[in-house]
>>> print(open('model-v9.pdb').read())   # PDB, N, CA and C atoms and all ligand atoms
ATOM      1  N   MET A   1       0.834  -1.198   0.000
ATOM      2  CA  MET A   1       0.000   0.000   0.000
ATOM      3  C   MET A   1       0.873   1.254   0.000
ATOM      4  N   THR A   2       0.429   2.248  -0.738
ATOM      5  CA  THR A   2       1.095   3.546  -0.700
ATOM      6  C   THR A   2       0.245   4.451   0.182
ATOM      7  N   ARG A   3       0.875   5.123   1.137
ATOM      8  CA  ARG A   3       0.110   5.955   2.071
ATOM      9  C   ARG A   3       0.575   7.404   2.002
ATOM     10  N   LEU A   4      -0.397   8.279   2.016
ATOM     11  CA  LEU A   4      -0.114   9.705   2.083
ATOM     12  C   LEU A   4      -0.669  10.220   3.401
ATOM     13  N   PHE A   5       0.216  10.746   4.239
ATOM     14  CA  PHE A   5      -0.201  11.302   5.520
ATOM     15  C   PHE A   5      -0.127  12.821   5.424
ATOM     16  N   VAL A   6      -1.256  13.464   5.627
ATOM     17  CA  VAL A   6      -1.301  14.918   5.528
ATOM     18  C   VAL A   6      -1.499  15.510   6.919
ATOM     19  N   CYS A   7      -0.589  16.387   7.306
ATOM     20  CA  CYS A   7      -0.685  17.043   8.607
ATOM     21  C   CYS A   7      -1.932  17.925   8.650
ATOM     22  N   ALA A   8      -2.723  17.752   9.684
ATOM     23  CA  ALA A   8      -3.947  18.560   9.809
ATOM     24  C   ALA A   8      -3.880  19.420  11.069
ATOM     25  N   ALA A   9      -2.674  19.790  11.465
ATOM     26  CA  ALA A   9      -2.521  20.527  12.722
ATOM     27  C   ALA A   9      -2.485  22.051  12.552
ATOM     28  N   GLN A  10      -2.679  22.537  11.343
ATOM     29  CA  GLN A  10      -2.654  23.987  11.159
ATOM     30  C   GLN A  10      -3.949  24.584  11.697
ATOM     31  N   LYS A  11      -3.871  25.856  12.080
ATOM     32  CA  LYS A  11      -5.055  26.514  12.634
ATOM     33  C   LYS A  11      -6.219  26.513  11.654
ATOM     34  N   ASP A  12      -5.916  26.767  10.405
ATOM     35  CA  ASP A  12      -7.015  26.868   9.432
ATOM     36  C   ASP A  12      -7.374  25.501   8.823
ATOM     37  N   GLU A  13      -6.730  24.464   9.301
ATOM     38  CA  GLU A  13      -7.026  23.099   8.860
ATOM     39  C   GLU A  13      -6.908  22.910   7.351
ATOM     40  N   VAL A  14      -5.958  23.599   6.759
ATOM     41  CA  VAL A  14      -5.757  23.446   5.319
ATOM     42  C   VAL A  14      -5.430  21.990   4.970
ATOM     43  N   GLY A  15      -4.832  21.286   5.918
ATOM     44  CA  GLY A  15      -4.476  19.886   5.683
ATOM     45  C   GLY A  15      -5.682  19.038   5.309
ATOM     46  N   ARG A  16      -6.811  19.328   5.938
ATOM     47  CA  ARG A  16      -8.031  18.567   5.606
ATOM     48  C   ARG A  16      -8.460  18.839   4.172
ATOM     49  N   ASP A  17      -8.321  20.083   3.752
ATOM     50  CA  ASP A  17      -8.685  20.429   2.376
ATOM     51  C   ASP A  17      -7.698  19.788   1.389
ATOM     52  N   VAL A  18      -6.424  19.739   1.784
ATOM     53  CA  VAL A  18      -5.416  19.113   0.915
ATOM     54  C   VAL A  18      -5.716  17.622   0.771
ATOM     55  N   ALA A  19      -6.026  16.964   1.882
ATOM     56  CA  ALA A  19      -6.329  15.524   1.828
ATOM     57  C   ALA A  19      -7.553  15.277   0.952
ATOM     58  N   ARG A  20      -8.552  16.118   1.104
ATOM     59  CA  ARG A  20      -9.773  15.986   0.299
ATOM     60  C   ARG A  20      -9.439  16.145  -1.194
ATOM     61  N   ALA A  21      -8.636  17.162  -1.500
ATOM     62  CA  ALA A  21      -8.272  17.410  -2.901
ATOM     63  C   ALA A  21      -7.454  16.244  -3.466
ATOM     64  N   LEU A  22      -6.569  15.682  -2.648
ATOM     65  CA  LEU A  22      -5.764  14.537  -3.103
ATOM     66  C   LEU A  22      -6.650  13.332  -3.406
ATOM     67  N   LYS A  23      -7.638  13.096  -2.551
ATOM     68  CA  LYS A  23      -8.551  11.964  -2.768
ATOM     69  C   LYS A  23      -9.325  12.139  -4.071
ATOM     70  N   ILE A  24      -9.782  13.345  -4.305
ATOM     71  CA  ILE A  24     -10.534  13.613  -5.534
ATOM     72  C   ILE A  24      -9.640  13.375  -6.750
ATOM     73  N   GLU A  25      -8.408  13.864  -6.686
ATOM     74  CA  GLU A  25      -7.487  13.725  -7.819
ATOM     75  C   GLU A  25      -7.114  12.268  -8.097
ATOM     76  N   VAL A  26      -6.885  11.513  -7.035
ATOM     77  CA  VAL A  26      -6.515  10.103  -7.192
ATOM     78  C   VAL A  26      -7.626   9.363  -7.945
ATOM     79  N   LYS A  27      -8.853   9.694  -7.592
ATOM     80  CA  LYS A  27     -10.018   9.081  -8.238
ATOM     81  C   LYS A  27     -10.091   9.528  -9.706
ATOM     82  N   LYS A  28      -9.989  10.842  -9.878
ATOM     83  CA  LYS A  28     -10.097  11.446 -11.212
ATOM     84  C   LYS A  28      -9.042  10.904 -12.171
ATOM     85  N   GLN A  29      -7.825  10.743 -11.658
ATOM     86  CA  GLN A  29      -6.712  10.307 -12.509
ATOM     87  C   GLN A  29      -6.591   8.779 -12.558
ATOM     88  N   GLY A  30      -7.536   8.091 -11.939
ATOM     89  CA  GLY A  30      -7.549   6.626 -11.996
ATOM     90  C   GLY A  30      -6.344   5.992 -11.327
ATOM     91  N   LEU A  31      -5.891   6.592 -10.212
ATOM     92  CA  LEU A  31      -4.687   6.089  -9.544
ATOM     93  C   LEU A  31      -4.973   5.547  -8.144
ATOM     94  N   LYS A  32      -6.184   5.038  -7.947
ATOM     95  CA  LYS A  32      -6.508   4.483  -6.621
ATOM     96  C   LYS A  32      -5.678   3.238  -6.336
ATOM     97  N   LYS A  33      -5.224   2.608  -7.420
ATOM     98  CA  LYS A  33      -4.316   1.472  -7.248
ATOM     99  C   LYS A  33      -3.115   1.710  -8.146
ATOM    100  N   LEU A  34      -1.936   1.539  -7.566
ATOM    101  CA  LEU A  34      -0.708   1.780  -8.324
ATOM    102  C   LEU A  34      -0.016   0.468  -8.618
ATOM    103  N   LEU A  35       0.590   0.408  -9.782
ATOM    104  CA  LEU A  35       1.361  -0.775 -10.123
ATOM    105  C   LEU A  35       2.796  -0.545  -9.650
ATOM    106  N   LEU A  36       3.185  -1.309  -8.636
ATOM    107  CA  LEU A  36       4.544  -1.153  -8.095
ATOM    108  C   LEU A  36       5.218  -2.510  -8.060
ATOM    109  N   GLY A  37       6.324  -2.628  -8.727
ATOM    110  CA  GLY A  37       7.044  -3.895  -8.750
ATOM    111  C   GLY A  37       6.169  -5.058  -9.200
ATOM    112  N   GLY A  38       5.335  -4.803 -10.206
ATOM    113  CA  GLY A  38       4.491  -5.855 -10.765
ATOM    114  C   GLY A  38       3.244  -6.164  -9.941
ATOM    115  N   GLU A  39       3.064  -5.435  -8.837
ATOM    116  CA  GLU A  39       1.901  -5.667  -7.973
ATOM    117  C   GLU A  39       1.027  -4.428  -7.914
ATOM    118  N   LYS A  40      -0.278  -4.646  -7.865
ATOM    119  CA  LYS A  40      -1.177  -3.496  -7.726
ATOM    120  C   LYS A  40      -1.314  -3.166  -6.250
ATOM    121  N   ARG A  41      -1.025  -1.916  -5.904
ATOM    122  CA  ARG A  41      -1.119  -1.521  -4.499
ATOM    123  C   ARG A  41      -2.074  -0.353  -4.344
ATOM    124  N   LYS A  42      -2.869  -0.428  -3.306
ATOM    125  CA  LYS A  42      -3.840   0.629  -3.022
ATOM    126  C   LYS A  42      -3.144   1.907  -2.583
ATOM    127  N   VAL A  43      -3.779   3.018  -2.878
ATOM    128  CA  VAL A  43      -3.295   4.299  -2.391
ATOM    129  C   VAL A  43      -4.252   4.762  -1.302
ATOM    130  N   ARG A  44      -3.711   5.067  -0.149
ATOM    131  CA  ARG A  44      -4.557   5.533   0.952
ATOM    132  C   ARG A  44      -4.106   6.924   1.382
ATOM    133  N   ILE A  45      -5.075   7.813   1.487
ATOM    134  CA  ILE A  45      -4.767   9.191   1.885
ATOM    135  C   ILE A  45      -5.461   9.471   3.205
ATOM    136  N   GLN A  46      -4.714   9.944   4.173
ATOM    137  CA  GLN A  46      -5.345  10.254   5.450
ATOM    138  C   GLN A  46      -4.712  11.470   6.096
ATOM    139  N   THR A  47      -5.492  12.119   6.950
ATOM    140  CA  THR A  47      -4.929  13.225   7.715
ATOM    141  C   THR A  47      -4.324  12.642   8.984
ATOM    142  N   CYS A  48      -3.444  13.392   9.590
ATOM    143  CA  CYS A  48      -2.836  12.946  10.833
ATOM    144  C   CYS A  48      -2.510  14.179  11.660
ATOM    145  N   SER A  49      -2.106  13.965  12.886
ATOM    146  CA  SER A  49      -1.709  15.131  13.678
ATOM    147  C   SER A  49      -0.314  15.553  13.236
ATOM    148  N   CYS A  50       0.265  16.477  13.954
ATOM    149  CA  CYS A  50       1.494  17.116  13.502
ATOM    150  C   CYS A  50       2.593  16.119  13.119
ATOM    151  N   LEU A  51       3.181  16.344  11.974
ATOM    152  CA  LEU A  51       4.258  15.484  11.474
ATOM    153  C   LEU A  51       5.625  15.979  11.931
ATOM    154  N   ASP A  52       5.614  17.033  12.731
ATOM    155  CA  ASP A  52       6.853  17.618  13.206
ATOM    156  C   ASP A  52       7.674  18.209  12.066
ATOM    157  N   LEU A  53       6.972  18.675  11.091
ATOM    158  CA  LEU A  53       7.611  19.394   9.982
ATOM    159  C   LEU A  53       7.074  20.828   9.997
ATOM    160  N   CYS A  54       6.686  21.269  11.200
ATOM    161  CA  CYS A  54       5.959  22.527  11.361
ATOM    162  C   CYS A  54       6.671  23.729  10.774
ATOM    163  N   LYS A  55       7.977  23.720  10.837
ATOM    164  CA  LYS A  55       8.696  24.855  10.275
ATOM    165  C   LYS A  55       8.228  25.077   8.854
ATOM    166  N   GLN A  56       8.032  23.974   8.159
ATOM    167  CA  GLN A  56       7.586  24.059   6.773
ATOM    168  C   GLN A  56       6.145  24.533   6.699
ATOM    169  N   CYS A  57       5.321  24.041   7.595
ATOM    170  CA  CYS A  57       3.918  24.463   7.594
ATOM    171  C   CYS A  57       3.823  25.961   7.832
ATOM    172  N   LYS A  58       4.709  26.463   8.703
ATOM    173  CA  LYS A  58       4.621  27.871   9.054
ATOM    174  C   LYS A  58       5.213  28.784   7.984
ATOM    175  N   LYS A  59       5.940  28.199   7.071
ATOM    176  CA  LYS A  59       6.545  28.977   5.991
ATOM    177  C   LYS A  59       5.495  29.572   5.062
ATOM    178  N   GLY A  60       4.383  28.908   4.986
ATOM    179  CA  GLY A  60       3.370  29.370   4.051
ATOM    180  C   GLY A  60       2.007  28.871   4.466
ATOM    181  N   PRO A  61       1.035  29.088   3.621
ATOM    182  CA  PRO A  61      -0.338  28.737   3.994
ATOM    183  C   PRO A  61      -0.704  27.270   3.745
ATOM    184  N   GLY A  62       0.269  26.430   3.424
ATOM    185  CA  GLY A  62      -0.055  25.052   3.081
ATOM    186  C   GLY A  62       0.189  24.063   4.200
ATOM    187  N   ALA A  63       0.086  22.789   3.864
ATOM    188  CA  ALA A  63       0.272  21.699   4.827
ATOM    189  C   ALA A  63       1.475  20.852   4.426
ATOM    190  N   ALA A  64       1.988  20.105   5.410
ATOM    191  CA  ALA A  64       3.069  19.167   5.111
ATOM    192  C   ALA A  64       2.458  17.794   4.880
ATOM    193  N   LEU A  65       3.111  16.996   4.045
ATOM    194  CA  LEU A  65       2.648  15.620   3.884
ATOM    195  C   LEU A  65       3.816  14.685   3.623
ATOM    196  N   LEU A  66       3.606  13.450   4.002
ATOM    197  CA  LEU A  66       4.621  12.417   3.817
ATOM    198  C   LEU A  66       4.046  11.304   2.959
ATOM    199  N   ILE A  67       4.864  10.757   2.082
ATOM    200  CA  ILE A  67       4.402   9.643   1.259
ATOM    201  C   ILE A  67       5.243   8.418   1.591
ATOM    202  N   TYR A  68       4.558   7.351   1.983
ATOM    203  CA  TYR A  68       5.224   6.082   2.286
ATOM    204  C   TYR A  68       4.796   5.038   1.286
ATOM    205  N   PRO A  69       5.651   4.105   0.920
ATOM    206  CA  PRO A  69       6.975   3.870   1.491
ATOM    207  C   PRO A  69       8.080   4.707   0.849
ATOM    208  N   HIS A  70       7.745   5.658  -0.006
ATOM    209  CA  HIS A  70       8.783   6.413  -0.709
ATOM    210  C   HIS A  70       9.622   7.264   0.227
ATOM    211  N   GLY A  71       9.018   7.725   1.339
ATOM    212  CA  GLY A  71       9.750   8.554   2.284
ATOM    213  C   GLY A  71       9.912   9.990   1.833
ATOM    214  N   THR A  72       9.111  10.415   0.888
ATOM    215  CA  THR A  72       9.203  11.793   0.407
ATOM    216  C   THR A  72       8.336  12.708   1.262
ATOM    217  N   ALA A  73       8.891  13.845   1.631
ATOM    218  CA  ALA A  73       8.123  14.836   2.387
ATOM    219  C   ALA A  73       7.907  16.072   1.516
ATOM    220  N   TYR A  74       6.682  16.581   1.552
ATOM    221  CA  TYR A  74       6.358  17.816   0.839
ATOM    222  C   TYR A  74       5.878  18.842   1.847
ATOM    223  N   GLY A  75       6.168  20.096   1.597
ATOM    224  CA  GLY A  75       5.753  21.160   2.510
ATOM    225  C   GLY A  75       5.007  22.258   1.786
ATOM    226  N   ASN A  76       4.241  23.011   2.568
ATOM    227  CA  ASN A  76       3.451  24.125   2.042
ATOM    228  C   ASN A  76       2.574  23.695   0.862
ATOM    229  N   VAL A  77       1.970  22.538   1.020
ATOM    230  CA  VAL A  77       1.106  22.008  -0.044
ATOM    231  C   VAL A  77      -0.290  22.591   0.122
ATOM    232  N   ARG A  78      -0.815  23.107  -0.954
ATOM    233  CA  ARG A  78      -2.173  23.640  -0.943
ATOM    234  C   ARG A  78      -3.079  22.757  -1.787
ATOM    235  N   PRO A  79      -4.372  22.882  -1.614
ATOM    236  CA  PRO A  79      -5.281  22.032  -2.386
ATOM    237  C   PRO A  79      -5.005  22.104  -3.892
ATOM    238  N   ARG A  80      -4.617  23.270  -4.373
ATOM    239  CA  ARG A  80      -4.380  23.398  -5.822
ATOM    240  C   ARG A  80      -3.136  22.626  -6.296
ATOM    241  N   ASP A  81      -2.308  22.141  -5.362
ATOM    242  CA  ASP A  81      -1.127  21.351  -5.737
ATOM    243  C   ASP A  81      -1.454  19.856  -5.858
ATOM    244  N   ALA A  82      -2.651  19.487  -5.462
ATOM    245  CA  ALA A  82      -3.006  18.066  -5.410
ATOM    246  C   ALA A  82      -2.876  17.372  -6.777
ATOM    247  N   ALA A  83      -3.370  18.016  -7.815
ATOM    248  CA  ALA A  83      -3.350  17.386  -9.139
ATOM    249  C   ALA A  83      -1.911  17.083  -9.573
ATOM    250  N   GLU A  84      -0.997  18.026  -9.313
ATOM    251  CA  GLU A  84       0.396  17.842  -9.720
ATOM    252  C   GLU A  84       1.065  16.724  -8.915
ATOM    253  N   ILE A  85       0.819  16.691  -7.616
ATOM    254  CA  ILE A  85       1.427  15.641  -6.781
ATOM    255  C   ILE A  85       0.920  14.266  -7.209
ATOM    256  N   VAL A  86      -0.377  14.168  -7.438
ATOM    257  CA  VAL A  86      -0.936  12.875  -7.837
ATOM    258  C   VAL A  86      -0.392  12.473  -9.208
ATOM    259  N   HIS A  87      -0.402  13.390 -10.146
ATOM    260  CA  HIS A  87       0.065  13.055 -11.490
ATOM    261  C   HIS A  87       1.547  12.738 -11.522
ATOM    262  N   GLU A  88       2.340  13.645 -10.965
ATOM    263  CA  GLU A  88       3.800  13.485 -11.043
ATOM    264  C   GLU A  88       4.321  12.375 -10.123
ATOM    265  N   HIS A  89       3.990  12.494  -8.841
ATOM    266  CA  HIS A  89       4.571  11.550  -7.877
ATOM    267  C   HIS A  89       3.956  10.156  -7.979
ATOM    268  N   LEU A  90       2.625  10.102  -7.913
ATOM    269  CA  LEU A  90       1.980   8.786  -7.920
ATOM    270  C   LEU A  90       1.904   8.202  -9.327
ATOM    271  N   GLY A  91       1.603   9.054 -10.285
ATOM    272  CA  GLY A  91       1.418   8.551 -11.648
ATOM    273  C   GLY A  91       2.720   8.292 -12.376
ATOM    274  N   GLU A  92       3.632   9.255 -12.313
ATOM    275  CA  GLU A  92       4.866   9.167 -13.094
ATOM    276  C   GLU A  92       6.082   8.744 -12.267
ATOM    277  N   GLY A  93       5.941   8.741 -10.959
ATOM    278  CA  GLY A  93       7.071   8.360 -10.110
ATOM    279  C   GLY A  93       8.142   9.435 -10.039
ATOM    280  N   ARG A  94       7.741  10.681 -10.284
ATOM    281  CA  ARG A  94       8.703  11.794 -10.225
ATOM    282  C   ARG A  94       8.396  12.680  -9.026
ATOM    283  N   VAL A  95       9.441  13.067  -8.324
ATOM    284  CA  VAL A  95       9.258  13.942  -7.167
ATOM    285  C   VAL A  95       8.955  15.361  -7.651
ATOM    286  N   VAL A  96       8.015  16.020  -6.980
ATOM    287  CA  VAL A  96       7.693  17.411  -7.309
ATOM    288  C   VAL A  96       8.672  18.287  -6.529
ATOM    289  N   GLU A  97       9.768  18.624  -7.160
ATOM    290  CA  GLU A  97      10.883  19.281  -6.461
ATOM    291  C   GLU A  97      10.500  20.602  -5.813
ATOM    292  N   ARG A  98       9.628  21.367  -6.439
ATOM    293  CA  ARG A  98       9.309  22.684  -5.889
ATOM    294  C   ARG A  98       8.630  22.605  -4.521
ATOM    295  N   LEU A  99       8.068  21.458  -4.180
ATOM    296  CA  LEU A  99       7.375  21.310  -2.891
ATOM    297  C   LEU A  99       8.123  20.386  -1.924
ATOM    298  N   ARG A 100       9.186  19.824  -2.398
ATOM    299  CA  ARG A 100       9.912  18.838  -1.579
ATOM    300  C   ARG A 100      10.632  19.501  -0.415
ATOM    301  N   ILE A 101      10.592  18.819   0.737
ATOM    302  CA  ILE A 101      11.358  19.290   1.893
ATOM    303  C   ILE A 101      12.144  18.112   2.449
ATOM    304  N   ASP A 102      13.136  18.405   3.281
ATOM    305  CA  ASP A 102      13.949  17.314   3.825
ATOM    306  C   ASP A 102      13.445  16.863   5.176
TER
HETATM  307  S1  LIG A 201       1.823  21.825  11.803
HETATM  308 FE1  LIG A 201       2.156  20.662   9.988
HETATM  309  S2  LIG A 201       3.766  19.340  10.434
HETATM  310 FE2  LIG A 201       3.321  20.339  12.246
END
>>> encode(input="model-v9.pdb", output="C-alpha cells", more="lines below")
Ligand code: FES
Amino acid sequence: MTRLFVCAAQKDEVGRDVARALKIEVKKQGLKKLLLGGEKRKVRIQTCSCLDLCKQCKKGPGAALLIYPHGTAYGNVRPRDAAEIVHEHLGEGRVVERLRID
C-alpha cells in the first residue's frame, strides 16, 4: 500500500482540504491502485496530527505531507497542488521538487 499522511494541525485546517483534494485527484486520474514492482497496491490518503515538519507548515499557507513507502516529504502544499502531486509523484514516479522538503 502507498500511504499519504497529511498534517492537519494547522489553525485553518488546510491539511483537511489538501487531503480531500488529493482523494478527488486520485479518483479522477484513476490512480486508486498503483502498479509497483508488478503488484497493484492501493493508495490511501489520510490526515494525521502534527508530522513535526511545522517549520515548513509555518513557511506558508499550506500543509506538510509524507508519502510512504517512498519517504518523500512535501511542505506548504495547498489544495491546488493536489493534481500535480498525484500526477507526477503517484502517476509518473517523479518527485515534485518545488514542494519537496527534507
Ligand atoms: S503543523 Fe504541519 S507538520 Fe506540524
>>> select_by_dssp(input="model-v9.pdb", residues="chain A", states="strand (DSSP E or B)", output="number ranges by chain")
A: 2-7, 33-36, 39-48, 63-68, 72-77, 100-101
>>> residues_near_point(input="model-v9.pdb", point="(-0.5, 6.7, -8.3)", cutoff="6 Å", atoms="only N, CA and C atoms", output="PyMOL selection string")
chain A and resi 31-34+86+89-91
>>> axis_aligned_box(input="model-v9.pdb", around="ligand LIG 201 (chain A)", padding_each_side="8 Å", output="JSON")
{"center_x": 2.8, "center_y": 20.6, "center_z": 11.1, "size_x": 17.9, "size_y": 18.5, "size_z": 18.3}
>>> closest_residue(input="model-v9.pdb", among="A:Leu53, A:Ile85, A:Met1, A:Val18", to="Ile101 in chain A", atoms="only C-alpha atoms")
A:Leu53
>>> residues_near_ligand(input="model-v9.pdb", ligand="ligand LIG 201 (chain A)", cutoff="9 Å", atoms="only C-alpha atoms and all ligand atoms", output="ChimeraX atom specification")
/A:6-11,15,49-58,62-65,75-76
>>> atom_distance(input="model-v9.pdb", atom1="atom N of Glu25 in chain A", atom2="atom N of Cys48 in chain A")
17.0 Å
>>> residues_around(input="model-v9.pdb", residues="Ile67 in chain A", least_positions_apart="4", cutoff="6.5 Å", atoms="all atoms listed in the file", output="PyMOL selection string")
chain A and resi 3-5+71-74
>>> atom_distance(input="model-v9.pdb", atom1="atom N of Glu84 in chain A", atom2="CA of Val43 in chain A")
15.5 Å
>>> closest_residue(input="model-v9.pdb", among="A:Asp102, A:Arg44, A:Ile24, A:Glu13", to="Arg80 in chain A", atoms="only C-alpha atoms")
A:Ile24
